[in-house]
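File shown here: upload_38.txt, holding compact mmCIF, C-alpha atoms.
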# COMPACT_ATOMS: atom_id res chain seq x y z
CA MET A 643 -4.13 15.41 28.82
CA THR A 644 -1.20 13.04 28.56
CA ALA A 645 -0.08 11.60 25.26
CA THR A 646 0.21 7.85 24.82
CA LYS A 647 3.76 6.61 24.90
CA THR A 648 4.88 4.73 21.83
CA ASN A 649 5.55 1.57 23.81
CA GLU A 650 2.01 1.67 25.26
CA ARG A 651 0.11 1.93 21.97
CA GLU A 652 -2.79 -0.40 21.30
CA GLY A 653 -2.33 -2.96 18.55
CA THR A 654 -0.12 -5.82 17.53
CA ARG A 655 3.52 -5.11 16.98
CA ALA A 656 6.55 -6.55 15.26
CA VAL A 657 10.03 -5.35 16.19
CA LEU A 658 13.29 -5.73 14.30
CA ARG A 659 16.31 -5.09 16.48
CA HIS A 660 19.93 -4.38 15.54
CA SER A 661 19.15 -3.95 11.85
CA ARG A 662 22.33 -3.03 9.96
CA VAL A 663 20.84 0.06 8.35
CA SER A 664 20.71 3.59 9.67
CA ALA A 665 17.47 4.87 11.19
CA TYR A 666 17.95 7.93 8.97
CA LYS A 667 17.41 5.70 5.90
CA VAL A 668 14.42 3.78 7.29
CA ARG A 669 12.32 6.74 8.47
CA PRO A 670 11.27 8.01 4.98
CA VAL A 671 10.05 4.48 4.14
CA LEU A 672 8.03 4.34 7.34
CA ASP A 673 6.48 7.71 6.47
CA LEU A 674 5.12 6.10 3.28
CA ILE A 675 3.03 3.51 5.13
CA ARG A 676 2.01 5.26 8.36
CA GLY A 677 -1.79 5.39 8.70
CA LYS A 678 -2.54 3.31 5.59
CA ASP A 679 -4.43 0.04 5.49
CA VAL A 680 -2.19 -3.00 5.15
CA GLN A 681 -2.93 -3.70 1.48
CA ARG A 682 -2.08 -0.16 0.36
CA ALA A 683 0.99 -0.09 2.60
CA ARG A 684 2.28 -3.31 1.00
CA GLU A 685 1.70 -1.81 -2.48
CA ALA A 686 3.59 1.36 -1.51
CA LEU A 687 6.52 -0.71 -0.22
CA GLN A 688 6.51 -2.95 -3.28
CA PHE A 689 7.01 0.00 -5.63
CA SER A 690 9.45 1.92 -3.43
CA GLU A 691 12.99 1.99 -4.78
CA ARG A 692 14.67 2.20 -1.39
CA ASP A 693 16.41 -0.90 -0.03
CA ALA A 694 14.89 -0.32 3.41
CA ALA A 695 11.45 -0.98 1.86
CA GLN A 696 12.17 -4.72 1.65
CA LEU A 697 13.11 -4.77 5.32
CA VAL A 698 9.97 -2.84 6.33
CA ASP A 699 7.76 -5.03 4.10
CA LYS A 700 9.01 -8.16 5.83
CA LEU A 701 8.38 -6.53 9.21
CA LEU A 702 4.86 -5.47 8.16
CA ARG A 703 4.05 -9.02 7.06
CA SER A 704 5.30 -10.24 10.44
CA ALA A 705 3.07 -7.76 12.30
CA VAL A 706 0.03 -8.85 10.27
CA ALA A 707 0.83 -12.52 10.94
CA ASN A 708 1.16 -11.75 14.66
CA ALA A 709 -2.23 -10.02 14.64
CA GLU A 710 -3.84 -12.92 12.81
CA ASN A 711 -2.32 -15.75 14.84
CA ASN A 712 -1.95 -14.24 18.31
CA ASP A 713 -4.91 -11.84 18.47
CA GLY A 714 -7.29 -13.51 15.99
CA LEU A 715 -7.76 -10.36 13.88
CA ASP A 716 -8.79 -10.36 10.23
CA PRO A 717 -5.81 -9.25 8.08
CA GLU A 718 -8.14 -7.41 5.67
CA GLY A 719 -9.29 -5.05 8.43
CA LEU A 720 -5.87 -3.91 9.68
CA TYR A 721 -3.99 -0.66 9.21
CA VAL A 722 -0.56 0.63 10.24
CA SER A 723 -1.39 2.61 13.36
CA ALA A 724 2.22 3.45 14.25
CA CYS A 725 5.71 2.79 12.99
CA TYR A 726 9.04 4.20 14.05
CA ALA A 727 12.78 3.61 13.84
CA ASP A 728 15.00 4.20 16.85
CA GLU A 729 18.77 4.23 16.81
CA GLY A 730 20.53 1.11 17.98
CA PRO A 731 24.12 0.62 19.06
CA THR A 732 26.81 2.00 16.78
CA MET A 733 29.82 -0.16 16.00
CA LYS A 734 33.02 1.88 15.84
CA ARG A 735 35.81 0.93 13.48
CA TRP A 736 39.05 2.69 12.56
CA ARG A 737 40.47 3.44 9.16
CA PRO A 738 44.09 4.47 8.63
CA ARG A 739 44.64 7.91 7.11
CA ALA A 740 47.59 9.94 5.95
CA ARG A 741 50.50 10.91 8.25
CA GLY A 742 49.80 8.17 10.78
CA ARG A 743 46.34 9.34 11.71
CA ALA A 744 43.12 7.33 11.92
CA THR A 745 39.48 8.11 11.17
CA ARG A 746 36.53 6.63 12.98
CA ILE A 747 33.96 4.72 10.90
CA ARG A 748 30.51 4.48 12.46
CA LYS A 749 28.49 1.42 11.48
CA ARG A 750 25.04 2.41 12.61
CA THR A 751 22.15 0.10 13.52
CA CYS A 752 18.49 0.71 14.31
CA HIS A 753 15.46 -0.86 15.94
CA VAL A 754 12.35 -0.73 13.71
CA THR A 755 8.84 -1.17 15.14
CA VAL A 756 5.59 -1.57 13.17
CA ILE A 757 2.24 -1.60 15.00
CA VAL A 758 -0.95 -2.68 13.23
CA SER A 759 -4.46 -2.17 14.63
CA ARG A 760 -8.00 -2.94 13.59
CA LEU A 761 -9.69 -0.26 11.47
CA PRO A 762 -12.59 1.60 13.11
CA GLU A 763 -16.03 0.19 12.26
CA GLU A 764 -17.09 3.08 9.98
CA GLN A 765 -13.86 2.81 7.97
CA LEU A 766 -14.30 -0.97 7.71
CA ALA A 767 -17.83 -0.45 6.36
CA ARG A 768 -16.54 2.14 3.87
CA LEU A 769 -13.75 -0.21 2.76
CA GLU A 770 -16.22 -3.08 2.21
CA ALA A 771 -18.57 -0.77 0.27
CA ARG A 772 -15.68 0.42 -1.90
CA ARG A 773 -14.62 -3.16 -2.65
CA ALA A 774 -18.21 -4.13 -3.54
CA GLY A 775 -18.53 -0.99 -5.67
CA ASP A 776 -15.29 -1.76 -7.49
CA ALA A 777 -16.56 -5.24 -8.33
CA SER A 778 -19.89 -3.92 -9.66
CA ARG A 779 -18.17 -1.11 -11.61
CA ARG A 780 -15.89 -3.65 -13.21
CA ALA A 781 -18.86 -5.84 -14.15
CA ARG A 782 -20.62 -2.84 -15.72
CA ARG A 783 -17.45 -1.81 -17.53
CA VAL A 784 -16.98 -5.30 -18.97
CA ALA A 785 -20.64 -5.52 -20.00
CA GLY A 786 -20.48 -2.03 -21.51
CA GLY A 787 -17.42 -2.99 -23.49
CA ARG A 788 -19.24 -6.03 -24.87
CA GLN A 789 -22.23 -3.93 -25.89
CA GLY A 790 -19.95 -1.39 -27.55
CA ARG A 791 -18.19 -4.11 -29.52
CA ARG A 792 -21.53 -5.66 -30.47
CA ALA A 793 -22.86 -2.31 -31.75
CA THR A 794 -19.69 -1.72 -33.74
CA ARG A 795 -19.87 -5.23 -35.20
CA ASP A 796 -23.56 -4.74 -36.19
CA GLN A 797 -22.70 -1.39 -37.83
CA THR A 798 -19.82 -2.96 -39.79
CA ASN A 799 -21.98 -5.87 -40.96
CA ALA A 800 -24.75 -3.48 -42.07
CA ASP A 801 -22.21 -1.39 -44.02
CA GLU A 802 -20.85 -4.48 -45.77
CA ARG A 803 -24.35 -5.61 -46.82
CA GLY A 804 -25.21 -2.13 -48.06
CA GLU A 805 -28.11 -1.72 -45.64
CA PRO A 806 -28.98 1.62 -44.09
CA THR A 807 -27.43 2.02 -40.67
CA PRO A 808 -29.80 1.51 -37.74
CA PRO A 809 -30.58 4.73 -35.82
CA GLN A 810 -28.64 5.25 -32.60
CA GLU A 811 -30.50 5.36 -29.30
CA GLY A 812 -31.53 8.84 -28.23
CA SER A 813 -31.15 10.38 -31.69
CA GLU A 814 -34.09 11.53 -33.83
CA GLY A 815 -34.29 10.79 -37.52
CA GLY A 816 -34.83 14.49 -38.38
CA GLY A 817 -32.39 16.88 -40.02
CA ASP A 818 -30.57 19.88 -38.62
CA GLU A 819 -32.57 21.96 -36.23
Here is the file; what I need is its structure written in the form of C-alpha cells.
Amino acid sequence: MTATKTNEREGTRAVLRHSRVSAYKVRPVLDLIRGKDVQRAREALQFSERDAAQLVDKLLRSAVANAENNDGLDPEGLYVSACYADEGPTMKRWRPRARGRATRIRKRTCHVTVIVSRLPEEQLARLEARRAGDASRRARRVAGGRQGRRATRDQTNADERGEPTPPQEGSEGGGDE
C-alpha cells in the first residue's frame, strides 16, 4: 500500500511561501491544530502565545475562505486534515567578528501549507448533536438557576413574615429515623 503524498491530499489548501520565520518555530503551532475542527483550531491559535500562531491563523482563515468560495463547502463542517511547514530559501548575510574574521548569519524562511477538508458524515452528525445538546443544557441551566433563586426568595420572604418554612420536595415531615 502506498501512502498519499502531501501534495496529493484531498481538500482545499492555502499556502504561504517565503515566510520570514523559521520552519522550526512554525511546526509546534501546526501541531496544535492538526486534526481539529476549524472552530477549535482557531480557538487554540487565538490563545497560543507564539508569534507564529498569528501567521497560521491568517492562513487557516484563508483556507476556509477558499473552501467556501471555490469548493462551496460549509465552513462549520471543516477540519484541518493536514498542515506542514517546509524550509524555504535561506538568505545568507555576513557579520564582522574579531581579528578580521566574519560569521555567517542565516535568515531562514519557510513555506507553510494548511489543508482543510469536510468532516466525515458521522462526525458531522455528532458535532450537530453536541451543539444542540449544549443549547438545551444551557436552557436547563438557566431555568434551573431561576427556580433556585425563586425558592431562595420564597424561603427568605417566609422567614421575614415569621411563617413556617415550606417543606422541600422529596423530604418527609418526620423526625430522625
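Of the listed residues A:Leu761, A:Val671, A:Leu701, A:Cys752, the one whose atoms come nearest to A:Leu715 is A:Leu761, with distances taken using all atoms listed in the file.
Checking A:Cys725, A:Leu697, A:Lys667, A:Ser690 one by one against A:Thr755, counting only C-alpha atoms, you find the shortest gap at A:Cys725.
You can rank A:Ala665, A:Ala774, A:Val706, A:Ile747 by their closest distance to A:Glu729 using all atoms listed in the file, and at the top of that list sits A:Ala665.
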For A:Thr732, work out the shell of residues within 10 Å, counting only C-alpha atoms and skipping chain neighbours fewer than 3 positions away, then give it as a CSV table (one decimal) with C-alpha atoms, keeping the file's coordinate frame.
chain,number,residue,atom,x,y,z
A,660,HIS,CA,19.9,-4.4,15.5
A,662,ARG,CA,22.3,-3.0,10.0
A,664,SER,CA,20.7,3.6,9.7
A,729,GLU,CA,18.8,4.2,16.8
A,735,ARG,CA,35.8,0.9,13.5
A,747,ILE,CA,34.0,4.7,10.9
A,748,ARG,CA,30.5,4.5,12.5
A,749,LYS,CA,28.5,1.4,11.5
A,750,ARG,CA,25.0,2.4,12.6
A,751,THR,CA,22.2,0.1,13.5
A,752,CYS,CA,18.5,0.7,14.3
Hey, can you pull every residue with an atom no more than 10 Å from (10.5, 6.0, 14.7), using all atoms listed in the file, and send it as a CSV table (one decimal) with C-alpha atoms, keeping the file's coordinate frame?
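Result file part37.csv:
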chain,number,residue,atom,x,y,z
A,648,THR,CA,4.9,4.7,21.8
A,665,ALA,CA,17.5,4.9,11.2
A,666,TYR,CA,18.0,7.9,9.0
A,668,VAL,CA,14.4,3.8,7.3
A,669,ARG,CA,12.3,6.7,8.5
A,670,PRO,CA,11.3,8.0,5.0
A,672,LEU,CA,8.0,4.3,7.3
A,673,ASP,CA,6.5,7.7,6.5
A,724,ALA,CA,2.2,3.4,14.2
A,725,CYS,CA,5.7,2.8,13.0
A,726,TYR,CA,9.0,4.2,14.0
A,727,ALA,CA,12.8,3.6,13.8
A,728,ASP,CA,15.0,4.2,16.8
A,729,GLU,CA,18.8,4.2,16.8
A,752,CYS,CA,18.5,0.7,14.3
A,753,HIS,CA,15.5,-0.9,15.9
A,754,VAL,CA,12.4,-0.7,13.7
A,755,THR,CA,8.8,-1.2,15.1
A,756,VAL,CA,5.6,-1.6,13.2
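Taking atom CA of A:Ala686 and atom CA of A:Gly719 as endpoints, the distance between them is 17.5 Å.
Considering all atoms listed in the file, the residue among A:Val663, A:Leu766, A:Ala707, A:Trp736 positioned nearest to A:Asp679 is A:Leu766.
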Next item on the list: For A:Arg684, please output as a PyMOL selection string all residues within 9 Å (counting all atoms listed in the file; exclusion window: fewer than 5 positions along the same chain).
Entry: chain A and resi 675+679+689+699+702-703
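Distances to A:Thr654 were evaluated for A:Val698, A:Met733, A:Val758, A:Ala740 using only C-alpha atoms, and the minimum falls at A:Val758.
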Item checked: Distance in Å - atom CA of A:Leu720 versus atom CA of A:Arg782 -> 29.4 Å
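Restricting the calculation to all atoms listed in the file, the smallest distance between A:Ala656 and any of A:Lys700, A:Arg783, A:Arg746, A:Arg692 is found for A:Lys700.
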Checklist line | Atomic distance atom CA of A:Asp693 - atom CA of A:Asn708, expressed in Å with one decimal | finding: 23.8 Å
